[in-house]
$ cat run33.pdb   # PDB, C-alpha atoms and all ligand atoms
ATOM      1  CA  MET A  25      94.639  86.186 -78.358  1.00  0.00           C
ATOM      2  CA  THR A  26      94.934  84.006 -75.298  1.00  0.00           C
ATOM      3  CA  PRO A  27      91.638  83.515 -73.460  1.00  0.00           C
ATOM      4  CA  PRO A  28      92.593  85.525 -70.335  1.00  0.00           C
ATOM      5  CA  VAL A  29      93.462  88.581 -72.457  1.00  0.00           C
ATOM      6  CA  LYS A  30      90.239  88.195 -74.377  1.00  0.00           C
ATOM      7  CA  ALA A  31      88.262  87.982 -71.110  1.00  0.00           C
ATOM      8  CA  LYS A  32      90.000  91.068 -69.754  1.00  0.00           C
ATOM      9  CA  LEU A  33      89.275  93.001 -72.907  1.00  0.00           C
ATOM     10  CA  ARG A  34      85.647  91.961 -72.754  1.00  0.00           C
ATOM     11  CA  ALA A  35      85.401  93.016 -69.108  1.00  0.00           C
ATOM     12  CA  LEU A  36      86.963  96.361 -70.002  1.00  0.00           C
ATOM     13  CA  PHE A  37      84.556  96.805 -72.885  1.00  0.00           C
ATOM     14  CA  ASN A  38      81.558  95.975 -70.664  1.00  0.00           C
ATOM     15  CA  GLY A  39      82.777  98.453 -68.072  1.00  0.00           C
ATOM     16  CA  ILE A  40      83.031 101.217 -70.638  1.00  0.00           C
ATOM     17  CA  LEU A  41      79.601 100.357 -72.023  1.00  0.00           C
ATOM     18  CA  ILE A  42      77.967 100.516 -68.582  1.00  0.00           C
ATOM     19  CA  ALA A  43      79.710 103.818 -67.822  1.00  0.00           C
ATOM     20  CA  LEU A  44      78.439 105.254 -71.091  1.00  0.00           C
ATOM     21  CA  ILE A  45      74.877 104.134 -70.395  1.00  0.00           C
ATOM     22  CA  LEU A  46      75.000 105.646 -66.896  1.00  0.00           C
ATOM     23  CA  LEU A  47      76.341 108.903 -68.319  1.00  0.00           C
ATOM     24  CA  LEU A  48      73.533 109.016 -70.855  1.00  0.00           C
ATOM     25  CA  VAL A  49      70.843 108.234 -68.272  1.00  0.00           C
ATOM     26  CA  TYR A  50      72.084 110.759 -65.727  1.00  0.00           C
ATOM     27  CA  GLY A  51      72.804 113.319 -68.410  1.00  0.00           C
ATOM     28  CA  ALA A  52      69.208 113.107 -69.600  1.00  0.00           C
ATOM     29  CA  TYR A  53      67.872 113.279 -66.033  1.00  0.00           C
ATOM     30  CA  GLY A  54      70.044 116.244 -65.147  1.00  0.00           C
ATOM     31  CA  TYR A  55      68.983 118.070 -68.253  1.00  0.00           C
ATOM     32  CA  SER A  56      65.271 117.442 -67.746  1.00  0.00           C
ATOM     33  CA  SER A  57      65.299 118.390 -64.064  1.00  0.00           C
ATOM     34  CA  LYS A  58      67.103 121.620 -64.963  1.00  0.00           C
ATOM     35  CA  ASN A  59      64.407 122.310 -67.518  1.00  0.00           C
ATOM     36  CA  ALA A  60      61.692 121.493 -65.005  1.00  0.00           C
ATOM     37  CA  ALA A  61      63.257 123.961 -62.568  1.00  0.00           C
ATOM     38  CA  ASN A  62      63.289 126.670 -65.217  1.00  0.00           C
ATOM     39  CA  ASN A  63      59.658 126.048 -66.040  1.00  0.00           C
ATOM     40  CA  GLN A  64      58.532 125.804 -62.446  1.00  0.00           C
ATOM     41  CA  SER A  65      56.821 129.200 -62.494  1.00  0.00           C
ATOM     42  CA  ALA A  66      54.457 128.037 -65.199  1.00  0.00           C
ATOM     43  CA  PRO A  67      53.297 124.459 -64.713  1.00  0.00           C
ATOM     44  CA  VAL A  68      51.462 123.505 -67.860  1.00  0.00           C
ATOM     45  CA  ARG A  69      48.713 120.941 -67.809  1.00  0.00           C
ATOM     46  CA  SER A  70      48.771 118.969 -70.993  1.00  0.00           C
ATOM     47  CA  SER A  71      45.625 119.603 -72.916  1.00  0.00           C
ATOM     48  CA  GLY A  72      44.165 117.299 -75.523  1.00  0.00           C
ATOM     49  CA  THR A  73      44.686 114.222 -73.378  1.00  0.00           C
ATOM     50  CA  ALA A  74      41.856 115.073 -71.019  1.00  0.00           C
ATOM     51  CA  THR A  75      39.872 112.051 -72.175  1.00  0.00           C
ATOM     52  CA  VAL A  76      42.451 109.663 -70.721  1.00  0.00           C
ATOM     53  CA  GLY A  77      40.996 107.359 -68.078  1.00  0.00           C
ATOM     54  CA  GLY A  78      37.804 105.478 -67.367  1.00  0.00           C
ATOM     55  CA  PRO A  79      36.358 102.454 -65.653  1.00  0.00           C
ATOM     56  CA  PHE A  80      38.348  99.236 -65.413  1.00  0.00           C
ATOM     57  CA  GLN A  81      38.321  95.931 -63.602  1.00  0.00           C
ATOM     58  CA  MET A  82      41.549  94.011 -62.981  1.00  0.00           C
ATOM     59  CA  THR A  83      43.069  91.546 -60.520  1.00  0.00           C
ATOM     60  CA  GLY A  84      45.602  92.925 -58.062  1.00  0.00           C
ATOM     61  CA  SER A  85      48.940  91.362 -57.240  1.00  0.00           C
ATOM     62  CA  ASP A  86      47.344  90.683 -53.829  1.00  0.00           C
ATOM     63  CA  GLY A  87      44.680  88.521 -55.506  1.00  0.00           C
ATOM     64  CA  GLN A  88      41.857  91.041 -54.941  1.00  0.00           C
ATOM     65  CA  ILE A  89      39.609  92.355 -57.694  1.00  0.00           C
ATOM     66  CA  TYR A  90      39.978  96.085 -58.277  1.00  0.00           C
ATOM     67  CA  SER A  91      38.006  98.652 -60.191  1.00  0.00           C
ATOM     68  CA  GLN A  92      38.564 102.402 -60.494  1.00  0.00           C
ATOM     69  CA  LYS A  93      36.005 102.850 -57.673  1.00  0.00           C
ATOM     70  CA  ASP A  94      38.410 101.244 -55.203  1.00  0.00           C
ATOM     71  CA  PHE A  95      40.768 104.172 -55.695  1.00  0.00           C
ATOM     72  CA  ALA A  96      38.156 106.920 -55.462  1.00  0.00           C
ATOM     73  CA  GLY A  97      39.359 109.759 -53.235  1.00  0.00           C
ATOM     74  CA  LYS A  98      43.007 108.931 -53.944  1.00  0.00           C
ATOM     75  CA  TYR A  99      45.406 109.956 -56.638  1.00  0.00           C
ATOM     76  CA  MET A 100      46.407 107.115 -58.946  1.00  0.00           C
ATOM     77  CA  LEU A 101      49.775 106.916 -60.607  1.00  0.00           C
ATOM     78  CA  LEU A 102      49.512 104.466 -63.485  1.00  0.00           C
ATOM     79  CA  TYR A 103      52.267 102.784 -65.413  1.00  0.00           C
ATOM     80  CA  PHE A 104      51.728 100.163 -68.092  1.00  0.00           C
ATOM     81  CA  GLY A 105      54.483  97.630 -68.781  1.00  0.00           C
ATOM     82  CA  TYR A 106      55.448  94.017 -68.218  1.00  0.00           C
ATOM     83  CA  THR A 107      57.739  92.032 -65.959  1.00  0.00           C
ATOM     84  CA  TYR A 108      59.725  90.361 -68.765  1.00  0.00           C
ATOM     85  CA  CYS A 109      60.695  93.774 -70.145  1.00  0.00           C
ATOM     86  CA  PRO A 110      64.497  93.755 -70.401  1.00  0.00           C
ATOM     87  CA  ASP A 111      65.145  97.476 -70.123  1.00  0.00           C
ATOM     88  CA  VAL A 112      62.574 100.270 -70.111  1.00  0.00           C
ATOM     89  CA  CYS A 113      60.061  98.975 -67.558  1.00  0.00           C
ATOM     90  CA  PRO A 114      62.537  98.126 -64.782  1.00  0.00           C
ATOM     91  CA  LEU A 115      64.238 101.504 -65.291  1.00  0.00           C
ATOM     92  CA  ASP A 116      60.896 103.323 -65.173  1.00  0.00           C
ATOM     93  CA  LEU A 117      59.797 101.435 -62.060  1.00  0.00           C
ATOM     94  CA  GLN A 118      63.125 102.241 -60.426  1.00  0.00           C
ATOM     95  CA  ARG A 119      62.613 105.898 -61.337  1.00  0.00           C
ATOM     96  CA  LEU A 120      59.092 105.706 -59.887  1.00  0.00           C
ATOM     97  CA  THR A 121      60.481 104.166 -56.691  1.00  0.00           C
ATOM     98  CA  LEU A 122      63.085 106.927 -56.292  1.00  0.00           C
ATOM     99  CA  ALA A 123      60.468 109.587 -57.076  1.00  0.00           C
ATOM    100  CA  LEU A 124      58.079 108.200 -54.443  1.00  0.00           C
ATOM    101  CA  ASP A 125      60.851 108.198 -51.822  1.00  0.00           C
ATOM    102  CA  SER A 126      61.760 111.742 -52.769  1.00  0.00           C
ATOM    103  CA  PHE A 127      58.084 112.789 -52.726  1.00  0.00           C
ATOM    104  CA  ALA A 128      57.677 111.397 -49.198  1.00  0.00           C
ATOM    105  CA  ALA A 129      60.956 112.987 -48.075  1.00  0.00           C
ATOM    106  CA  GLY A 130      59.697 116.308 -49.453  1.00  0.00           C
ATOM    107  CA  GLY A 131      56.579 116.136 -47.275  1.00  0.00           C
ATOM    108  CA  GLY A 132      54.254 114.432 -49.749  1.00  0.00           C
ATOM    109  CA  ASP A 133      51.478 112.242 -48.332  1.00  0.00           C
ATOM    110  CA  ILE A 134      52.079 108.814 -49.830  1.00  0.00           C
ATOM    111  CA  SER A 135      48.831 107.454 -48.324  1.00  0.00           C
ATOM    112  CA  ASN A 136      46.981 109.794 -50.676  1.00  0.00           C
ATOM    113  CA  LEU A 137      48.600 108.208 -53.719  1.00  0.00           C
ATOM    114  CA  GLN A 138      48.231 104.725 -55.207  1.00  0.00           C
ATOM    115  CA  PRO A 139      50.915 103.738 -57.724  1.00  0.00           C
ATOM    116  CA  LEU A 140      49.667 101.034 -60.082  1.00  0.00           C
ATOM    117  CA  PHE A 141      51.802  98.870 -62.342  1.00  0.00           C
ATOM    118  CA  VAL A 142      49.486  97.462 -65.000  1.00  0.00           C
ATOM    119  CA  THR A 143      50.776  94.571 -67.081  1.00  0.00           C
ATOM    120  CA  ILE A 144      50.271  94.661 -70.823  1.00  0.00           C
ATOM    121  CA  ASP A 145      51.375  90.995 -70.920  1.00  0.00           C
ATOM    122  CA  PRO A 146      48.766  89.225 -68.757  1.00  0.00           C
ATOM    123  CA  ALA A 147      49.468  85.845 -70.405  1.00  0.00           C
ATOM    124  CA  ARG A 148      52.766  85.650 -68.501  1.00  0.00           C
ATOM    125  CA  ASP A 149      52.186  88.270 -65.806  1.00  0.00           C
ATOM    126  CA  THR A 150      49.762  86.478 -63.536  1.00  0.00           C
ATOM    127  CA  PRO A 151      48.940  88.180 -60.208  1.00  0.00           C
ATOM    128  CA  GLN A 152      51.521  85.872 -58.576  1.00  0.00           C
ATOM    129  CA  VAL A 153      54.252  86.850 -61.043  1.00  0.00           C
ATOM    130  CA  MET A 154      53.356  90.524 -60.518  1.00  0.00           C
ATOM    131  CA  ALA A 155      53.456  90.098 -56.731  1.00  0.00           C
ATOM    132  CA  GLU A 156      56.980  88.707 -56.860  1.00  0.00           C
ATOM    133  CA  TYR A 157      58.188  91.314 -59.337  1.00  0.00           C
ATOM    134  CA  ILE A 158      56.977  94.403 -57.475  1.00  0.00           C
ATOM    135  CA  THR A 159      58.907  93.399 -54.350  1.00  0.00           C
ATOM    136  CA  HIS A 160      61.945  94.864 -56.179  1.00  0.00           C
ATOM    137  CA  PHE A 161      60.354  98.310 -56.188  1.00  0.00           C
ATOM    138  CA  HIS A 162      58.518 100.764 -53.917  1.00  0.00           C
ATOM    139  CA  PRO A 163      56.300  98.911 -51.396  1.00  0.00           C
ATOM    140  CA  SER A 164      53.279 101.097 -52.176  1.00  0.00           C
ATOM    141  CA  ILE A 165      53.094  99.838 -55.783  1.00  0.00           C
ATOM    142  CA  LEU A 166      50.177  97.542 -56.549  1.00  0.00           C
ATOM    143  CA  GLY A 167      50.358  95.297 -59.611  1.00  0.00           C
ATOM    144  CA  LEU A 168      47.310  94.845 -61.808  1.00  0.00           C
ATOM    145  CA  SER A 169      46.751  91.914 -64.120  1.00  0.00           C
ATOM    146  CA  GLY A 170      43.652  90.596 -65.856  1.00  0.00           C
ATOM    147  CA  THR A 171      42.191  88.812 -68.829  1.00  0.00           C
ATOM    148  CA  ASP A 172      43.052  89.916 -72.359  1.00  0.00           C
ATOM    149  CA  ALA A 173      39.646  91.571 -72.624  1.00  0.00           C
ATOM    150  CA  GLN A 174      39.997  93.399 -69.300  1.00  0.00           C
ATOM    151  CA  LEU A 175      43.404  94.688 -70.322  1.00  0.00           C
ATOM    152  CA  ALA A 176      42.167  95.696 -73.783  1.00  0.00           C
ATOM    153  CA  ASP A 177      39.384  97.756 -72.160  1.00  0.00           C
ATOM    154  CA  MET A 178      41.703  99.452 -69.720  1.00  0.00           C
ATOM    155  CA  ALA A 179      44.409 100.141 -72.311  1.00  0.00           C
ATOM    156  CA  LYS A 180      41.804 101.658 -74.605  1.00  0.00           C
ATOM    157  CA  ALA A 181      40.532 103.950 -71.840  1.00  0.00           C
ATOM    158  CA  TYR A 182      44.084 105.051 -71.032  1.00  0.00           C
ATOM    159  CA  LYS A 183      45.184 105.311 -74.671  1.00  0.00           C
ATOM    160  CA  VAL A 184      47.976 102.822 -74.136  1.00  0.00           C
ATOM    161  CA  TYR A 185      49.488 101.011 -77.088  1.00  0.00           C
ATOM    162  CA  TYR A 186      50.873  97.478 -76.765  1.00  0.00           C
ATOM    163  CA  GLN A 187      51.733  94.772 -79.233  1.00  0.00           C
ATOM    164  CA  GLN A 188      53.372  91.385 -78.945  1.00  0.00           C
ATOM    165  CA  GLY A 189      56.626  91.025 -80.870  1.00  0.00           C
ATOM    166  CA  ASP A 190      57.967  87.973 -82.693  1.00  0.00           C
ATOM    167  CA  VAL A 191      57.929  84.745 -80.702  1.00  0.00           C
ATOM    168  CA  TYR A 192      61.366  83.148 -80.430  1.00  0.00           C
ATOM    169  CA  GLU A 193      62.089  79.435 -80.717  1.00  0.00           C
ATOM    170  CA  ASP A 194      62.029  79.011 -76.950  1.00  0.00           C
ATOM    171  CA  GLY A 195      58.568  80.595 -76.814  1.00  0.00           C
ATOM    172  CA  SER A 196      59.753  83.894 -75.352  1.00  0.00           C
ATOM    173  CA  TYR A 197      58.833  87.241 -76.839  1.00  0.00           C
ATOM    174  CA  LEU A 198      59.098  90.958 -76.260  1.00  0.00           C
ATOM    175  CA  MET A 199      56.213  93.397 -76.021  1.00  0.00           C
ATOM    176  CA  ASP A 200      56.223  96.717 -77.782  1.00  0.00           C
ATOM    177  CA  HIS A 201      54.407  99.279 -75.654  1.00  0.00           C
ATOM    178  CA  SER A 202      54.021 102.941 -74.884  1.00  0.00           C
ATOM    179  CA  SER A 203      55.940 104.004 -71.832  1.00  0.00           C
ATOM    180  CA  ILE A 204      54.184 106.750 -69.932  1.00  0.00           C
ATOM    181  CA  MET A 205      52.981 107.475 -66.406  1.00  0.00           C
ATOM    182  CA  TYR A 206      49.627 109.036 -65.766  1.00  0.00           C
ATOM    183  CA  LEU A 207      48.649 110.930 -62.656  1.00  0.00           C
ATOM    184  CA  MET A 208      44.902 110.670 -62.144  1.00  0.00           C
ATOM    185  CA  GLY A 209      42.931 112.690 -59.618  1.00  0.00           C
ATOM    186  CA  PRO A 210      40.628 111.618 -56.750  1.00  0.00           C
ATOM    187  CA  GLU A 211      37.643 111.373 -59.084  1.00  0.00           C
ATOM    188  CA  GLY A 212      39.537 109.389 -61.690  1.00  0.00           C
ATOM    189  CA  GLU A 213      40.183 112.475 -63.779  1.00  0.00           C
ATOM    190  CA  PHE A 214      43.366 112.982 -65.762  1.00  0.00           C
ATOM    191  CA  VAL A 215      45.755 115.378 -64.004  1.00  0.00           C
ATOM    192  CA  THR A 216      49.061 115.135 -65.836  1.00  0.00           C
ATOM    193  CA  HIS A 217      51.514 112.688 -67.295  1.00  0.00           C
ATOM    194  CA  ILE A 218      55.148 112.052 -66.492  1.00  0.00           C
ATOM    195  CA  SER A 219      57.321 111.228 -69.465  1.00  0.00           C
ATOM    196  CA  SER A 220      60.345 108.963 -69.401  1.00  0.00           C
ATOM    197  CA  ASN A 221      62.837 111.834 -69.685  1.00  0.00           C
ATOM    198  CA  GLU A 222      61.720 113.275 -66.336  1.00  0.00           C
ATOM    199  CA  GLY A 223      64.160 111.964 -63.749  1.00  0.00           C
ATOM    200  CA  PRO A 224      63.245 111.030 -60.151  1.00  0.00           C
ATOM    201  CA  LYS A 225      63.772 114.601 -58.916  1.00  0.00           C
ATOM    202  CA  ALA A 226      61.616 116.287 -61.570  1.00  0.00           C
ATOM    203  CA  PHE A 227      59.062 113.509 -61.156  1.00  0.00           C
ATOM    204  CA  ALA A 228      58.876 114.029 -57.367  1.00  0.00           C
ATOM    205  CA  GLU A 229      58.651 117.812 -57.789  1.00  0.00           C
ATOM    206  CA  LYS A 230      55.741 117.328 -60.150  1.00  0.00           C
ATOM    207  CA  LEU A 231      53.935 115.132 -57.614  1.00  0.00           C
ATOM    208  CA  LEU A 232      54.527 117.685 -54.860  1.00  0.00           C
ATOM    209  CA  ARG A 233      53.178 120.403 -57.141  1.00  0.00           C
ATOM    210  CA  PHE A 234      50.004 118.589 -58.170  1.00  0.00           C
ATOM    211  CA  LEU A 235      49.070 116.786 -54.963  1.00  0.00           C
ATOM    212  CA  PRO A 236      47.590 118.729 -52.040  1.00  0.00           C
TER     213      PRO A 236
HETATM  214 NI    NI B 301      58.858  97.774 -71.151  1.00  0.00          NI
END
$ encode --input "run33.pdb" --output "structure tokens"
Amino acid sequence: MTPPVKAKLRALFNGILIALILLLVYGAYGYSSKNAANNQSAPVRSSGTATVGGPFQMTGSDGQIYSQKDFAGKYMLLYFGYTYCPDVCPLDLQRLTLALDSFAAGGGDISNLQPLFVTIDPARDTPQVMAEYITHFHPSILGLSGTDAQLADMAKAYKVYYQQGDVYEDGSYLMDHSSIMYLMGPEGEFVTHISSNEGPKAFAEKLLRFLP
């Protein structure tokens, strides 16, 4: 094949691939929000995960030191991930951003809620790297970074799994990690979780349901 034909074919293939991915993503969101609507009469609080949460100390993307006490009186929305994540984390943070906008549009009080993006890759995700990264998402999100030991403590308290993958020749690597959002109450207590198949709409509806 001549190069231009090859390039055209590749462009066509990429287009189809992206369309398929979008279909899958929106299909899953549509399905889950429909389910959420059906179940609206009976919101179920997950039991058995009530021990999620606990004290922590981390460094914010603003350079300040934070512990759970700094968020007392507010709801915390926690997500654990990392800025080098090629797929899941940026999608989840985008979903979080859309959900927060939708929550505010639906009358939710965003000042009563602190979204936290906690890195599970503090070696690369310094507070500065986190600060730059979160500018792509909702302005209320605060990044949290820390030492390996600080992260290990916090991840243990929140039952978050993370593991470094193989290191490539250029020194880069992926992180394997659980992908879940936790909503914690004003006293640091576990309220509910939001799983990755809950789209922005279902996510926002959940926030509106659980927050005063
Ligand atoms: Ni990720």
$ closest_residue --input "run33.pdb" --among "A:Ser219, A:Ser164, A:Thr171, A:Ser202" --to "ligand NI 301 (chain B)" --atoms "all atoms listed in the file"
A:Ser202
$ closest_atom_pairs --input "run33.pdb" --of "chain A" --to "ligand NI 301 (chain B)" --cutoff "12 Å" --atoms "only C-alpha atoms and all ligand atoms" --output "JSON lines"
{"residue": "A:Tyr103", "atom": "CA", "partner": "B:NI301", "partner_atom": "NI", "distance": 10.1}
{"residue": "A:Phe104", "atom": "CA", "partner": "B:NI301", "partner_atom": "NI", "distance": 8.1}
{"residue": "A:Gly105", "atom": "CA", "partner": "B:NI301", "partner_atom": "NI", "distance": 5.0}
{"residue": "A:Tyr106", "atom": "CA", "partner": "B:NI301", "partner_atom": "NI", "distance": 5.9}
{"residue": "A:Thr107", "atom": "CA", "partner": "B:NI301", "partner_atom": "NI", "distance": 7.8}
{"residue": "A:Tyr108", "atom": "CA", "partner": "B:NI301", "partner_atom": "NI", "distance": 7.8}
{"residue": "A:Cys109", "atom": "CA", "partner": "B:NI301", "partner_atom": "NI", "distance": 4.5}
{"residue": "A:Pro110", "atom": "CA", "partner": "B:NI301", "partner_atom": "NI", "distance": 7.0}
{"residue": "A:Asp111", "atom": "CA", "partner": "B:NI301", "partner_atom": "NI", "distance": 6.4}
{"residue": "A:Val112", "atom": "CA", "partner": "B:NI301", "partner_atom": "NI", "distance": 4.6}
{"residue": "A:Cys113", "atom": "CA", "partner": "B:NI301", "partner_atom": "NI", "distance": 4.0}
{"residue": "A:Pro114", "atom": "CA", "partner": "B:NI301", "partner_atom": "NI", "distance": 7.4}
{"residue": "A:Leu115", "atom": "CA", "partner": "B:NI301", "partner_atom": "NI", "distance": 8.8}
{"residue": "A:Asp116", "atom": "CA", "partner": "B:NI301", "partner_atom": "NI", "distance": 8.4}
{"residue": "A:Leu117", "atom": "CA", "partner": "B:NI301", "partner_atom": "NI", "distance": 9.8}
{"residue": "A:Phe141", "atom": "CA", "partner": "B:NI301", "partner_atom": "NI", "distance": 11.3}
{"residue": "A:Val142", "atom": "CA", "partner": "B:NI301", "partner_atom": "NI", "distance": 11.2}
{"residue": "A:Thr143", "atom": "CA", "partner": "B:NI301", "partner_atom": "NI", "distance": 9.6}
{"residue": "A:Ile144", "atom": "CA", "partner": "B:NI301", "partner_atom": "NI", "distance": 9.1}
{"residue": "A:Asp145", "atom": "CA", "partner": "B:NI301", "partner_atom": "NI", "distance": 10.1}
{"residue": "A:Tyr185", "atom": "CA", "partner": "B:NI301", "partner_atom": "NI", "distance": 11.6}
{"residue": "A:Tyr186", "atom": "CA", "partner": "B:NI301", "partner_atom": "NI", "distance": 9.8}
{"residue": "A:Gln187", "atom": "CA", "partner": "B:NI301", "partner_atom": "NI", "distance": 11.2}
{"residue": "A:Gln188", "atom": "CA", "partner": "B:NI301", "partner_atom": "NI", "distance": 11.5}
{"residue": "A:Tyr197", "atom": "CA", "partner": "B:NI301", "partner_atom": "NI", "distance": 12.0}
{"residue": "A:Leu198", "atom": "CA", "partner": "B:NI301", "partner_atom": "NI", "distance": 8.5}
{"residue": "A:Met199", "atom": "CA", "partner": "B:NI301", "partner_atom": "NI", "distance": 7.1}
{"residue": "A:Asp200", "atom": "CA", "partner": "B:NI301", "partner_atom": "NI", "distance": 7.2}
{"residue": "A:His201", "atom": "CA", "partner": "B:NI301", "partner_atom": "NI", "distance": 6.5}
{"residue": "A:Ser202", "atom": "CA", "partner": "B:NI301", "partner_atom": "NI", "distance": 8.0}
{"residue": "A:Ser203", "atom": "CA", "partner": "B:NI301", "partner_atom": "NI", "distance": 6.9}
{"residue": "A:Ile204", "atom": "CA", "partner": "B:NI301", "partner_atom": "NI", "distance": 10.2}
{"residue": "A:Ser220", "atom": "CA", "partner": "B:NI301", "partner_atom": "NI", "distance": 11.4}
$ write_last_selection --input "run33.pdb" --atoms "C-alpha atoms" --output "CSV table (one decimal), keeping the file's coordinate frame"
chain,number,residue,atom,x,y,z
A,103,TYR,CA,52.3,102.8,-65.4
A,104,PHE,CA,51.7,100.2,-68.1
A,105,GLY,CA,54.5,97.6,-68.8
A,106,TYR,CA,55.4,94.0,-68.2
A,107,THR,CA,57.7,92.0,-66.0
A,108,TYR,CA,59.7,90.4,-68.8
A,109,CYS,CA,60.7,93.8,-70.1
A,110,PRO,CA,64.5,93.8,-70.4
A,111,ASP,CA,65.1,97.5,-70.1
A,112,VAL,CA,62.6,100.3,-70.1
A,113,CYS,CA,60.1,99.0,-67.6
A,114,PRO,CA,62.5,98.1,-64.8
A,115,LEU,CA,64.2,101.5,-65.3
A,116,ASP,CA,60.9,103.3,-65.2
A,117,LEU,CA,59.8,101.4,-62.1
A,141,PHE,CA,51.8,98.9,-62.3
A,142,VAL,CA,49.5,97.5,-65.0
A,143,THR,CA,50.8,94.6,-67.1
A,144,ILE,CA,50.3,94.7,-70.8
A,145,ASP,CA,51.4,91.0,-70.9
A,185,TYR,CA,49.5,101.0,-77.1
A,186,TYR,CA,50.9,97.5,-76.8
A,187,GLN,CA,51.7,94.8,-79.2
A,188,GLN,CA,53.4,91.4,-78.9
A,197,TYR,CA,58.8,87.2,-76.8
A,198,LEU,CA,59.1,91.0,-76.3
A,199,MET,CA,56.2,93.4,-76.0
A,200,ASP,CA,56.2,96.7,-77.8
A,201,HIS,CA,54.4,99.3,-75.7
A,202,SER,CA,54.0,102.9,-74.9
A,203,SER,CA,55.9,104.0,-71.8
A,204,ILE,CA,54.2,106.8,-69.9
A,220,SER,CA,60.3,109.0,-69.4
$ resolve_selection --input "run33.pdb" --expression "the PyMOL selection byres (((chain A and resi 231) around 12) and not hetatm)" --output "PyMOL selection string"
chain A and resi 67+99-101+120+123-128+130-134+136-137+139+205-209+215-218+222+224-230+232-236
$ residues_around --input "run33.pdb" --residues "Tyr182 of chain A" --least-positions-apart "3" --cutoff "7 Å" --atoms "only C-alpha atoms" --output "list in words"
Val76, Gly77, Met178 and Ala179 of chain A
$ atom_distance --input "run33.pdb" --atom1 "atom CA of Glu213 of chain A" --atom2 "atom CA of Ala173 of chain A"
22.7 Å
$ atom_distance --input "run33.pdb" --atom1 "atom CA of Gln92 of chain A" --atom2 "atom CA of Leu140 of chain A"
11.2 Å
$ atom_distance --input "run33.pdb" --atom1 "atom CA of Glu211 of chain A" --atom2 "atom CA of Gly84 of chain A"
20.1 Å
$ build_atoms --input "run33.pdb" --residues "segment 73-87 of chain A" --atoms "N, CA and C atoms" --output "short mmCIF file (atom, residue, chain, number, x, y, z; two decimals), in the coordinates of the input"
data_model
loop_
_atom_site.label_atom_id
_atom_site.label_comp_id
_atom_site.auth_asym_id
_atom_site.auth_seq_id
_atom_site.Cartn_x
_atom_site.Cartn_y
_atom_site.Cartn_z
N THR A 73 44.68 115.59 -73.86
CA THR A 73 44.69 114.22 -73.38
C THR A 73 43.70 114.08 -72.23
N ALA A 74 42.79 115.03 -72.14
CA ALA A 74 41.86 115.07 -71.02
C ALA A 74 40.90 113.89 -71.02
N THR A 75 40.80 113.18 -72.13
CA THR A 75 39.87 112.05 -72.18
C THR A 75 40.54 110.76 -71.71
N VAL A 76 41.76 110.85 -71.24
CA VAL A 76 42.45 109.66 -70.72
C VAL A 76 41.79 109.20 -69.42
N GLY A 77 41.56 107.92 -69.31
CA GLY A 77 41.00 107.36 -68.08
C GLY A 77 39.61 106.78 -68.29
N GLY A 78 39.12 106.09 -67.28
CA GLY A 78 37.80 105.48 -67.37
C GLY A 78 37.72 104.24 -66.50
N PRO A 79 36.55 103.62 -66.52
CA PRO A 79 36.36 102.45 -65.65
C PRO A 79 37.23 101.27 -66.07
N PHE A 80 37.60 100.46 -65.11
CA PHE A 80 38.35 99.24 -65.41
C PHE A 80 38.07 98.22 -64.33
N GLN A 81 38.35 96.97 -64.63
CA GLN A 81 38.32 95.93 -63.60
C GLN A 81 39.48 94.98 -63.85
N MET A 82 40.34 94.82 -62.84
CA MET A 82 41.55 94.01 -62.98
C MET A 82 41.78 93.24 -61.68
N THR A 83 42.72 92.29 -61.72
CA THR A 83 43.07 91.55 -60.52
C THR A 83 44.39 92.06 -59.97
N GLY A 84 44.40 92.38 -58.70
CA GLY A 84 45.60 92.92 -58.06
C GLY A 84 46.64 91.85 -57.78
N SER A 85 47.87 92.29 -57.58
CA SER A 85 48.94 91.36 -57.24
C SER A 85 48.70 90.74 -55.86
N ASP A 86 47.73 91.27 -55.11
CA ASP A 86 47.34 90.68 -53.83
C ASP A 86 46.17 89.71 -53.99
N GLY A 87 45.75 89.47 -55.24
CA GLY A 87 44.68 88.52 -55.51
C GLY A 87 43.28 89.12 -55.46
#
